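Student: What follows is a single structure, and I will ask about it in a moment.
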Amino acid sequence: MTVTLVMDGKEITVEDGMTLLEAARENGKDIPTICFHEATTANGLCRMCVVEVEGMRLLQPACIVQAANNMKVQTRSEKVTRARKTILEMLASTMDLSDAPEILTMMDEYGASHERFPGAERRESEVKDDNPMYIRDYSKCLLCWRCVQVCADDAQYTFAINFEGRGFETQIGTFFDKAIPETTCVLCGQCVGVCPTGALKPKRQFMLEQGMSPQEISVLNTGRKRRKEK
Amino acid sequence: MTLTETASLQTAIETYIPLGRSGLLPALHAAQKLYGWVSEEVATEIAKSLRVPLADVHGVIEFYSLFYNKPTAKRVIRVCTDVACALKNGDGILHHLCEHHGLKPGQTKPDLSLTIESSPCLGLCEHAPAALVGNEAETNIDLEENTYELGRPPSQVDGSIRLLTANCGNGTTSLAKYGEYSALKKALTMMPEDVIAEIKASGLVGRGGAAFPTGVKWEGAAKAEADQKYVICNADESEPGTFKDRILLLDDPHRTIEGMCITAYAIGASKGYLYIRAEYPYIFPVLENALSEARNAGLLGENILGSGFSFDIEVRVGAGAYICGEETALFESIEGKRGFPRVKPPFPTTHGVFGKPTVINNVETLCNVPLIIDMGSAEYRKTGTEKSPGPKLFCVSGDVAKTGVYEVPFGVTLREVLEMAGGVANEKKLQSVLFGGAAGAFATTEHLDVKMTFEDLRGVGLPLGSGVVMVFDETRDMRQMLKSLGHFFAHESCGKCYPCQMGTQRQKEILDRVASGKIVEGDFVRLQDVGWTMTDASLCGLGQTAASVVLSAMKLWPELFVEGQTSKV
């Protein structure tokens, strides 16, 4: 079964059940995404993938909405561009994007300013370095939820992390802010693997970035070192 | 925790253990009743008992404003600082109280005897300024005279008709006085599809703000196939300026319960939840009492009135989250989770609470149901207009002579409602009316003769919302009102989708600048871009309307947002 729709004035035919994002990508069209990841449930959080669908009052998240017959979709209307640009500018005013090259590229593409919101409160946080495997730098977290999802029922069923606070004050956290070794975390590393902004980073990479040499790191009493000696 | 402490906690939460995760909010409430707050040990014990991951329990405590994971007193004074109370010096009262007790807002005395905090709208707007002291409402606080009223908030009800509010204004109506559910009895003699047809014919649409046709909603859930369906009464009335549901539930609880029973019969549901906001604690005993009156009379429970139809209702209490008035966030909350709204579709009629077909209606909507069944849809439609039939409650607050709930037929004008309320207080002139709620828009003198119907209001770009009519006289600085609304939305955004999570914060910051006259170049366009991005791209109704009032003010009074403007007055 297929469905035929019009995307940016061009008629396309895609498999029934495909999302607008999949339909666009299959037809060589780029719709930007931030929170979306093939391995996690799409929650439609970042709204970067919103598109304009004729007959609908609100912009629609392409990662969730399925393509349907006779749909007329605009992936880059004025409304869409304003929303994407403003979301990017708000992100830049909120968090440290230095380790998020994909988002920096999007900012260039949409002409988004890093200084759009003067005097804006930022989400800042100390680096949490409490386990041998990875560090958590929530100043770089843009709340894509992927780490929470893979730690829970999208993958690992470990439930070591969840959310703190609400609204702008939201942050990823553990039970009563416990250090990772005191939680149910099994150091599987899946959260680090899906983090798009370097908020979660392998410890070794973090130490190298801090200016430590591989030799200095190797003398640290890490699991990796012991294995090598045997 | 000592063994004795563990035992008393276990006793307090034992009813909720079989509910599993869904019992999380009730269990946390029970624990706080014991200790005032939820410590790490208590949270661990609850997590183990209910078999919920520790991190998730913590996530839930962190989400809801009225759950505390730091030492907090059992006795909390919550002073309302939202719009209606802000007009009457709510902030001043908060600071006066704090000074008197040597605390700062949000602080607790070292001996855990008292906590004082500011609160979003407490739904006591007609008695502003107001506070909640423990479980009692403290209303009409007057610092100069040092007077206030404490206890059950009085109901000020008036209007040109009294259909929905027939039993309101004289204390709680008992079952004996309300009468044994004549509409339910009538409905039970009808086929469920005929009950739905009658509701559809009445033209009833939801009164919570979205104005969705009630009969269509019911039909969707009735047609959905499932082993279990639910009816939910949304009594999470939290829209600043709204207090009608408080009065309906407090003075006439049986009307809502009967409405829920009829809904359940029509769609084939056996279980109901009445989700009420935690800021209405004085209503809880009234509801529990009414439910047991109904159960004792055979109007709730197994085999109601020998009809073979069974239905019962459980009261669920929120914990300080405006977002939980959003239907899917409310489901999440009943399920024991953070109140994150879900992506729609699927819609509640097929995938509601626990993933089952669910009808969720506002209190006022449900109160219309017994009326319609009793009098028949044709008679019901004689009230109101062709396209907006029926009675409507308006919550009139702010600068009017007589604040309160006014019941009128759809189609009266704003001028008529204001006249009923004695006009603008203190012989001042009208500046504007906040219409529909925090998610509404401003009306001005040019809107006075617009008929209050869905169709007429839509024509002039005013949302009926939850029936808020908050009046501002000519001396009010609207920038302060906008600042207050900005803080409200930033506090209440759930943080799920980016436009609202960051947009409400940025909107608040710009509105703070506007209010203090420290506008930065480009703020007008900046505020507009944030507003439109939230409106167009947010995931749920909160974000989609978080800028509605601001954008309406920018259209009406652009000069307020431009540099150099000191005051409108």
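How things are named: the first chain in the structure tokens is A, the next is B, and so on; residues count from 1 in each chain; ligands count from 1 in the order shown.
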So which residues of range 9-209 of chain A fall under strand (DSSP E or B) by DSSP, listed as a PyMOL selection string?
Tutor: chain A and resi 10-15+19+50-53+60-61+66+72-74+128+134-136+162-164+171-173+200-202
Student: Take the residues from that selection and write them out as a PDB file, in the first residue's frame, keeping N, CA and C atoms.
Tutor:
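The resulting again-v6.pdb:
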ATOM      1  N   LYS A  10       5.603  19.247  -4.900  1.00  0.00           N
ATOM      2  CA  LYS A  10       5.948  18.104  -5.722  1.00  0.00           C
ATOM      3  C   LYS A  10       5.176  16.870  -5.251  1.00  0.00           C
ATOM      4  N   GLU A  11       4.556  16.168  -6.196  1.00  0.00           N
ATOM      5  CA  GLU A  11       3.808  14.978  -5.813  1.00  0.00           C
ATOM      6  C   GLU A  11       4.763  13.835  -5.504  1.00  0.00           C
ATOM      7  N   ILE A  12       4.577  13.216  -4.351  1.00  0.00           N
ATOM      8  CA  ILE A  12       5.426  12.066  -4.022  1.00  0.00           C
ATOM      9  C   ILE A  12       4.562  10.893  -3.571  1.00  0.00           C
ATOM     10  N   THR A  13       5.046   9.703  -3.804  1.00  0.00           N
ATOM     11  CA  THR A  13       4.332   8.507  -3.383  1.00  0.00           C
ATOM     12  C   THR A  13       5.240   7.715  -2.457  1.00  0.00           C
ATOM     13  N   VAL A  14       4.704   7.431  -1.268  1.00  0.00           N
ATOM     14  CA  VAL A  14       5.519   6.707  -0.284  1.00  0.00           C
ATOM     15  C   VAL A  14       4.704   5.563   0.306  1.00  0.00           C
ATOM     16  N   GLU A  15       5.403   4.702   1.034  1.00  0.00           N
ATOM     17  CA  GLU A  15       4.730   3.576   1.677  1.00  0.00           C
ATOM     18  C   GLU A  15       3.745   4.065   2.734  1.00  0.00           C
ATOM     19  N   THR A  19       6.196   8.163   8.290  1.00  0.00           N
ATOM     20  CA  THR A  19       6.021   9.500   8.832  1.00  0.00           C
ATOM     21  C   THR A  19       6.414  10.512   7.759  1.00  0.00           C
ATOM     22  N   VAL A  50       8.949  20.497  12.652  1.00  0.00           N
ATOM     23  CA  VAL A  50       7.572  20.891  12.323  1.00  0.00           C
ATOM     24  C   VAL A  50       7.455  21.330  10.866  1.00  0.00           C
ATOM     25  N   VAL A  51       6.308  20.983  10.292  1.00  0.00           N
ATOM     26  CA  VAL A  51       6.009  21.359   8.907  1.00  0.00           C
ATOM     27  C   VAL A  51       4.586  21.913   8.862  1.00  0.00           C
ATOM     28  N   GLU A  52       4.261  22.586   7.781  1.00  0.00           N
ATOM     29  CA  GLU A  52       2.920  23.139   7.642  1.00  0.00           C
ATOM     30  C   GLU A  52       2.094  22.182   6.781  1.00  0.00           C
ATOM     31  N   VAL A  53       0.972  21.738   7.322  1.00  0.00           N
ATOM     32  CA  VAL A  53       0.093  20.840   6.581  1.00  0.00           C
ATOM     33  C   VAL A  53      -1.200  21.602   6.288  1.00  0.00           C
ATOM     34  N   GLN A  60       2.917  20.807  12.378  1.00  0.00           N
ATOM     35  CA  GLN A  60       2.871  19.391  12.746  1.00  0.00           C
ATOM     36  C   GLN A  60       4.276  18.795  12.816  1.00  0.00           C
ATOM     37  N   PRO A  61       4.566  17.985  13.843  1.00  0.00           N
ATOM     38  CA  PRO A  61       5.886  17.358  13.931  1.00  0.00           C
ATOM     39  C   PRO A  61       6.021  16.237  12.893  1.00  0.00           C
ATOM     40  N   GLN A  66       1.919  10.865  10.244  1.00  0.00           N
ATOM     41  CA  GLN A  66       2.066   9.957   9.112  1.00  0.00           C
ATOM     42  C   GLN A  66       1.587  10.605   7.824  1.00  0.00           C
ATOM     43  N   LYS A  72      -1.188  18.110   1.750  1.00  0.00           N
ATOM     44  CA  LYS A  72      -0.326  19.122   1.129  1.00  0.00           C
ATOM     45  C   LYS A  72       0.599  19.663   2.212  1.00  0.00           C
ATOM     46  N   VAL A  73       1.890  19.363   2.055  1.00  0.00           N
ATOM     47  CA  VAL A  73       2.855  19.673   3.101  1.00  0.00           C
ATOM     48  C   VAL A  73       3.868  20.702   2.613  1.00  0.00           C
ATOM     49  N   GLN A  74       4.141  21.683   3.467  1.00  0.00           N
ATOM     50  CA  GLN A  74       5.224  22.628   3.165  1.00  0.00           C
ATOM     51  C   GLN A  74       6.283  22.469   4.232  1.00  0.00           C
ATOM     52  N   LYS A 128      29.485  16.651  36.420  1.00  0.00           N
ATOM     53  CA  LYS A 128      29.378  15.572  37.407  1.00  0.00           C
ATOM     54  C   LYS A 128      30.309  14.446  36.980  1.00  0.00           C
ATOM     55  N   TYR A 134      31.746   7.536  32.559  1.00  0.00           N
ATOM     56  CA  TYR A 134      31.346   8.736  31.805  1.00  0.00           C
ATOM     57  C   TYR A 134      31.131   9.932  32.727  1.00  0.00           C
ATOM     58  N   ILE A 135      31.203  11.114  32.117  1.00  0.00           N
ATOM     59  CA  ILE A 135      30.921  12.334  32.883  1.00  0.00           C
ATOM     60  C   ILE A 135      29.581  12.901  32.403  1.00  0.00           C
ATOM     61  N   ARG A 136      28.970  13.699  33.269  1.00  0.00           N
ATOM     62  CA  ARG A 136      27.690  14.327  32.917  1.00  0.00           C
ATOM     63  C   ARG A 136      27.840  15.838  33.033  1.00  0.00           C
ATOM     64  N   ASN A 162      16.164   9.971  35.632  1.00  0.00           N
ATOM     65  CA  ASN A 162      14.862  10.520  35.314  1.00  0.00           C
ATOM     66  C   ASN A 162      15.028  12.043  35.287  1.00  0.00           C
ATOM     67  N   PHE A 163      13.945  12.769  35.556  1.00  0.00           N
ATOM     68  CA  PHE A 163      14.014  14.224  35.463  1.00  0.00           C
ATOM     69  C   PHE A 163      13.993  14.875  36.835  1.00  0.00           C
ATOM     70  N   GLU A 164      14.628  16.041  36.886  1.00  0.00           N
ATOM     71  CA  GLU A 164      14.509  16.913  38.057  1.00  0.00           C
ATOM     72  C   GLU A 164      13.804  18.165  37.600  1.00  0.00           C
ATOM     73  N   GLN A 171      16.004  19.193  34.461  1.00  0.00           N
ATOM     74  CA  GLN A 171      17.331  18.644  34.225  1.00  0.00           C
ATOM     75  C   GLN A 171      17.250  17.130  34.391  1.00  0.00           C
ATOM     76  N   ILE A 172      18.212  16.419  33.817  1.00  0.00           N
ATOM     77  CA  ILE A 172      18.256  14.980  34.015  1.00  0.00           C
ATOM     78  C   ILE A 172      18.917  14.716  35.364  1.00  0.00           C
ATOM     79  N   GLY A 173      18.367  13.770  36.116  1.00  0.00           N
ATOM     80  CA  GLY A 173      18.964  13.524  37.430  1.00  0.00           C
ATOM     81  C   GLY A 173      18.711  12.122  37.941  1.00  0.00           C
ATOM     82  N   LEU A 200      26.826  13.968  27.858  1.00  0.00           N
ATOM     83  CA  LEU A 200      27.333  12.700  28.393  1.00  0.00           C
ATOM     84  C   LEU A 200      28.521  12.327  27.518  1.00  0.00           C
ATOM     85  N   LYS A 201      29.628  12.047  28.167  1.00  0.00           N
ATOM     86  CA  LYS A 201      30.847  11.852  27.396  1.00  0.00           C
ATOM     87  C   LYS A 201      31.680  10.759  28.058  1.00  0.00           C
ATOM     88  N   PRO A 202      32.333   9.887  27.267  1.00  0.00           N
ATOM     89  CA  PRO A 202      33.214   8.890  27.884  1.00  0.00           C
ATOM     90  C   PRO A 202      34.282   9.597  28.719  1.00  0.00           C
TER      91      PRO A 202
END
Student: I want to know what sits within 12 Å of Glu126 in chain B, based on only C-alpha atoms, with residues of the same chain fewer than 2 positions away left out; could you give that as a VMD selection string?
Tutor: chain B and resid 83 to 85 87 to 88 121 to 124 128 to 130 139 to 141 153 to 157 240 to 244 246 to 247 394 to 406 421 468 to 471
Student: At what distance in Å, to one decimal, does CA of Ala31 in chain B lie from CA of Asn362 in chain B?
Tutor: 29.0 Å
Student: Can you pull out every residue within 10 Å of Ile116 in chain B, counting only C-alpha atoms, but drop anything in the same chain fewer than 6 positions away, and send it as a list in words?
Tutor: Thr72, Ala73, Arg75, Val76, Ile77, Arg78, Val79, Leu94, His95, Leu97, Cys98, His101, Leu103, Lys104, Pro105, Gly106, Gln107, Thr108, Lys109 and Val133 of chain B
Student: Dump C-alpha atoms for the selected residues as a JSON list (two decimals), in the first residue's frame?
Tutor:
[["chain", "number", "residue", "atom", "x", "y", "z"],
["B", 72, "THR", "CA", 8.85, 21.30, 54.88],
["B", 73, "ALA", "CA", 6.32, 21.99, 57.62],
["B", 75, "ARG", "CA", 1.47, 23.61, 58.12],
["B", 76, "VAL", "CA", 1.96, 25.57, 54.91],
["B", 77, "ILE", "CA", 0.59, 29.01, 54.11],
["B", 78, "ARG", "CA", 0.25, 29.53, 50.37],
["B", 79, "VAL", "CA", -0.36, 33.12, 49.36],
["B", 94, "LEU", "CA", 3.13, 37.47, 51.07],
["B", 95, "HIS", "CA", 5.96, 39.75, 52.15],
["B", 97, "LEU", "CA", 3.49, 37.44, 56.36],
["B", 98, "CYS", "CA", 7.05, 36.40, 55.67],
["B", 101, "HIS", "CA", 7.35, 35.08, 60.75],
["B", 103, "LEU", "CA", 10.91, 33.77, 56.72],
["B", 104, "LYS", "CA", 11.49, 34.30, 53.04],
["B", 105, "PRO", "CA", 8.98, 33.01, 50.46],
["B", 106, "GLY", "CA", 9.51, 29.27, 50.10],
["B", 107, "GLN", "CA", 11.26, 28.94, 53.46],
["B", 108, "THR", "CA", 10.43, 26.71, 56.41],
["B", 109, "LYS", "CA", 10.99, 27.51, 60.07],
["B", 133, "VAL", "CA", -3.74, 28.06, 55.26]]
Student: At a cut-off of 10 Å, using only C-alpha atoms, what residues contact Tyr138 in chain A? Leave out same-chain residues fewer than 4 positions from it and give the result as an MDAnalysis selection string.
Tutor: chainID A and resid 95:96 123:128 142:143 171:173 197:200
Student: Put those residues in a file: C-alpha atoms, as an mmCIF file, in the first residue's frame.
Tutor:
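Contents of the output file result.cif:
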data_model
loop_
_atom_site.group_PDB
_atom_site.id
_atom_site.type_symbol
_atom_site.label_atom_id
_atom_site.label_comp_id
_atom_site.auth_asym_id
_atom_site.auth_seq_id
_atom_site.Cartn_x
_atom_site.Cartn_y
_atom_site.Cartn_z
ATOM 1 C CA MET A 95 22.850 25.998 26.832
ATOM 2 C CA ASP A 96 26.429 25.365 25.770
ATOM 3 C CA ARG A 123 20.957 26.427 32.311
ATOM 4 C CA GLU A 124 24.326 26.001 33.909
ATOM 5 C CA SER A 125 25.595 23.156 35.964
ATOM 6 C CA GLU A 126 28.840 21.724 37.330
ATOM 7 C CA VAL A 127 30.349 18.739 35.537
ATOM 8 C CA LYS A 128 29.378 15.572 37.407
ATOM 9 C CA LEU A 142 19.221 20.112 25.591
ATOM 10 C CA LEU A 143 16.706 17.684 27.070
ATOM 11 C CA GLN A 171 17.331 18.644 34.225
ATOM 12 C CA ILE A 172 18.256 14.980 34.015
ATOM 13 C CA GLY A 173 18.964 13.524 37.430
ATOM 14 C CA THR A 197 25.528 17.311 22.489
ATOM 15 C CA GLY A 198 28.429 15.947 24.513
ATOM 16 C CA ALA A 199 26.542 16.362 27.782
ATOM 17 C CA LEU A 200 27.333 12.700 28.393
#
Student: Show me which bits of chain B are within 8 Å of chain A, counting only C-alpha atoms, as an mmCIF file with N, CA and C atoms, in the first residue's frame.
Tutor:
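Okay, iface.cif is ready:
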data_model
loop_
_atom_site.group_PDB
_atom_site.id
_atom_site.type_symbol
_atom_site.label_atom_id
_atom_site.label_comp_id
_atom_site.auth_asym_id
_atom_site.auth_seq_id
_atom_site.Cartn_x
_atom_site.Cartn_y
_atom_site.Cartn_z
ATOM 1 N N GLU B 40 14.338 10.981 51.625
ATOM 2 C CA GLU B 40 14.906 9.912 50.808
ATOM 3 C C GLU B 40 14.438 8.532 51.298
ATOM 4 N N PRO B 53 10.460 2.375 39.964
ATOM 5 C CA PRO B 53 11.894 2.700 40.059
ATOM 6 C C PRO B 53 12.149 3.959 40.893
ATOM 7 N N LEU B 54 13.215 3.924 41.675
ATOM 8 C CA LEU B 54 13.559 5.054 42.545
ATOM 9 C C LEU B 54 13.655 6.368 41.772
ATOM 10 N N ALA B 55 14.353 6.326 40.633
ATOM 11 C CA ALA B 55 14.552 7.567 39.870
ATOM 12 C C ALA B 55 13.208 8.125 39.412
ATOM 13 N N ASP B 56 12.269 7.248 39.103
ATOM 14 C CA ASP B 56 10.955 7.705 38.657
ATOM 15 C C ASP B 56 10.171 8.356 39.794
ATOM 16 N N VAL B 57 10.292 7.785 40.994
ATOM 17 C CA VAL B 57 9.609 8.377 42.152
ATOM 18 C C VAL B 57 10.154 9.792 42.376
ATOM 19 N N HIS B 58 11.467 9.899 42.292
ATOM 20 C CA HIS B 58 12.090 11.209 42.468
ATOM 21 C C HIS B 58 11.626 12.176 41.384
ATOM 22 N N GLY B 59 11.557 11.670 40.154
ATOM 23 C CA GLY B 59 11.095 12.498 39.037
ATOM 24 C C GLY B 59 9.688 13.028 39.262
ATOM 25 N N GLU B 62 9.698 15.720 42.007
ATOM 26 C CA GLU B 62 10.281 16.947 41.474
ATOM 27 C C GLU B 62 9.321 17.702 40.548
ATOM 28 N N PHE B 63 8.420 16.984 39.907
ATOM 29 C CA PHE B 63 7.534 17.620 38.931
ATOM 30 C C PHE B 63 6.449 18.463 39.587
ATOM 31 N N VAL B 343 1.391 13.145 22.944
ATOM 32 C CA VAL B 343 1.177 13.534 21.558
ATOM 33 C C VAL B 343 -0.198 13.015 21.139
ATOM 34 N N ALA B 490 5.704 30.539 32.908
ATOM 35 C CA ALA B 490 7.063 30.009 33.074
ATOM 36 C C ALA B 490 7.082 28.992 34.219
ATOM 37 N N HIS B 491 6.301 29.258 35.255
ATOM 38 C CA HIS B 491 6.240 28.347 36.397
ATOM 39 C C HIS B 491 5.522 27.054 36.027
ATOM 40 N N GLU B 492 4.540 27.149 35.140
ATOM 41 C CA GLU B 492 3.669 26.006 34.872
ATOM 42 C C GLU B 492 4.024 25.191 33.626
ATOM 43 N N SER B 493 4.938 25.679 32.806
ATOM 44 C CA SER B 493 5.343 24.871 31.649
ATOM 45 C C SER B 493 5.907 23.549 32.151
ATOM 46 N N CYS B 494 5.537 22.457 31.502
ATOM 47 C CA CYS B 494 6.012 21.155 31.985
ATOM 48 C C CYS B 494 7.452 20.919 31.566
ATOM 49 N N GLY B 495 7.896 21.596 30.491
ATOM 50 C CA GLY B 495 9.277 21.420 30.033
ATOM 51 C C GLY B 495 9.454 20.359 28.976
ATOM 52 N N LYS B 496 8.354 19.797 28.495
ATOM 53 C CA LYS B 496 8.504 18.711 27.518
ATOM 54 C C LYS B 496 8.957 19.225 26.152
ATOM 55 N N CYS B 497 8.177 20.108 25.522
ATOM 56 C CA CYS B 497 8.569 20.553 24.181
ATOM 57 C C CYS B 497 9.355 21.858 24.251
ATOM 58 N N TYR B 498 10.290 22.013 23.331
ATOM 59 C CA TYR B 498 11.219 23.145 23.386
ATOM 60 C C TYR B 498 10.552 24.523 23.291
ATOM 61 N N PRO B 499 9.574 24.718 22.375
ATOM 62 C CA PRO B 499 9.031 26.076 22.243
ATOM 63 C C PRO B 499 8.493 26.610 23.567
ATOM 64 N N GLN B 501 8.992 25.189 26.764
ATOM 65 C CA GLN B 501 9.992 25.061 27.837
ATOM 66 C C GLN B 501 10.896 26.294 27.897
ATOM 67 N N MET B 502 11.397 26.724 26.743
ATOM 68 C CA MET B 502 12.290 27.893 26.727
ATOM 69 C C MET B 502 11.506 29.167 26.450
ATOM 70 N N GLY B 503 10.444 29.050 25.658
ATOM 71 C CA GLY B 503 9.674 30.229 25.273
ATOM 72 C C GLY B 503 8.993 30.906 26.458
ATOM 73 N N THR B 504 8.436 30.103 27.383
ATOM 74 C CA THR B 504 7.779 30.724 28.538
ATOM 75 C C THR B 504 8.802 31.460 29.400
ATOM 76 N N GLN B 505 10.026 30.922 29.465
ATOM 77 C CA GLN B 505 11.093 31.575 30.237
ATOM 78 C C GLN B 505 11.519 32.881 29.563
ATOM 79 N N ARG B 506 11.747 32.826 28.257
ATOM 80 C CA ARG B 506 12.181 34.038 27.548
ATOM 81 C C ARG B 506 11.063 35.083 27.560
ATOM 82 N N GLU B 509 11.118 36.803 30.869
ATOM 83 C CA GLU B 509 12.231 37.753 31.004
ATOM 84 C C GLU B 509 11.927 39.064 30.268
ATOM 85 N N ARG B 526 11.234 40.361 19.260
ATOM 86 C CA ARG B 526 11.692 39.182 19.993
ATOM 87 C C ARG B 526 10.509 38.502 20.704
ATOM 88 N N ASP B 529 8.218 36.899 18.131
ATOM 89 C CA ASP B 529 8.757 35.648 17.581
ATOM 90 C C ASP B 529 8.607 34.497 18.577
ATOM 91 N N VAL B 530 8.909 34.783 19.845
ATOM 92 C CA VAL B 530 8.752 33.753 20.876
ATOM 93 C C VAL B 530 7.276 33.367 20.965
ATOM 94 N N TRP B 532 4.779 33.669 18.731
ATOM 95 C CA TRP B 532 4.265 32.914 17.591
ATOM 96 C C TRP B 532 4.847 31.518 17.510
ATOM 97 N N THR B 533 6.130 31.380 17.904
ATOM 98 C CA THR B 533 6.746 30.049 17.890
ATOM 99 C C THR B 533 6.038 29.132 18.884
ATOM 100 N N THR B 535 2.943 29.489 19.935
ATOM 101 C CA THR B 535 1.578 29.293 19.448
ATOM 102 C C THR B 535 1.530 28.258 18.327
ATOM 103 N N ASP B 536 2.446 28.373 17.385
ATOM 104 C CA ASP B 536 2.412 27.513 16.194
ATOM 105 C C ASP B 536 2.993 26.120 16.432
ATOM 106 N N ALA B 537 4.024 26.039 17.273
ATOM 107 C CA ALA B 537 4.825 24.808 17.270
ATOM 108 C C ALA B 537 4.793 24.008 18.573
ATOM 109 N N SER B 538 4.132 24.512 19.625
ATOM 110 C CA SER B 538 4.138 23.760 20.888
ATOM 111 C C SER B 538 3.344 22.472 20.777
ATOM 112 N N LEU B 539 3.662 21.565 21.687
ATOM 113 C CA LEU B 539 3.042 20.242 21.651
ATOM 114 C C LEU B 539 1.617 20.253 22.172
#
Student: Rank B:Glu279, B:Asp449, B:Asp477, B:Glu237 by their smallest atom-to-atom distance to Trp557 in chain B, using only C-alpha atoms, and report the top residue only.
Tutor: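 Answer, going by the shortest atom-to-atom distance: B:Asp477.
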Student: As a ChimeraX atom specification, please: all residues of range 68-150 of chain A that backbone DSSP puts in helix (DSSP H, G or I).
Tutor: /A:78-94,101-109,138-140,146-150
Student: Show which residues sit within 12 Å of Ala155 in chain A, as a PyMOL selection string. Count only C-alpha atoms, and ignore same-chain residues fewer than 6 positions away.
Tutor: chain A and resi 39-41+146-149+188-191+194
Student: Please report the interatomic distance between CA of Tyr16 in chain B and CA of Val317 in chain B in Å with one decimal.
Tutor: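 The value is 13.3 Å.
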Student: Between A:Ala24, A:Ala179, A:Leu220, A:Ile34, which residue has the minimum interatomic distance to Cys141 in chain A, considering only C-alpha atoms?
Tutor: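 Closest residue, counting only C-alpha atoms: A:Ile34.
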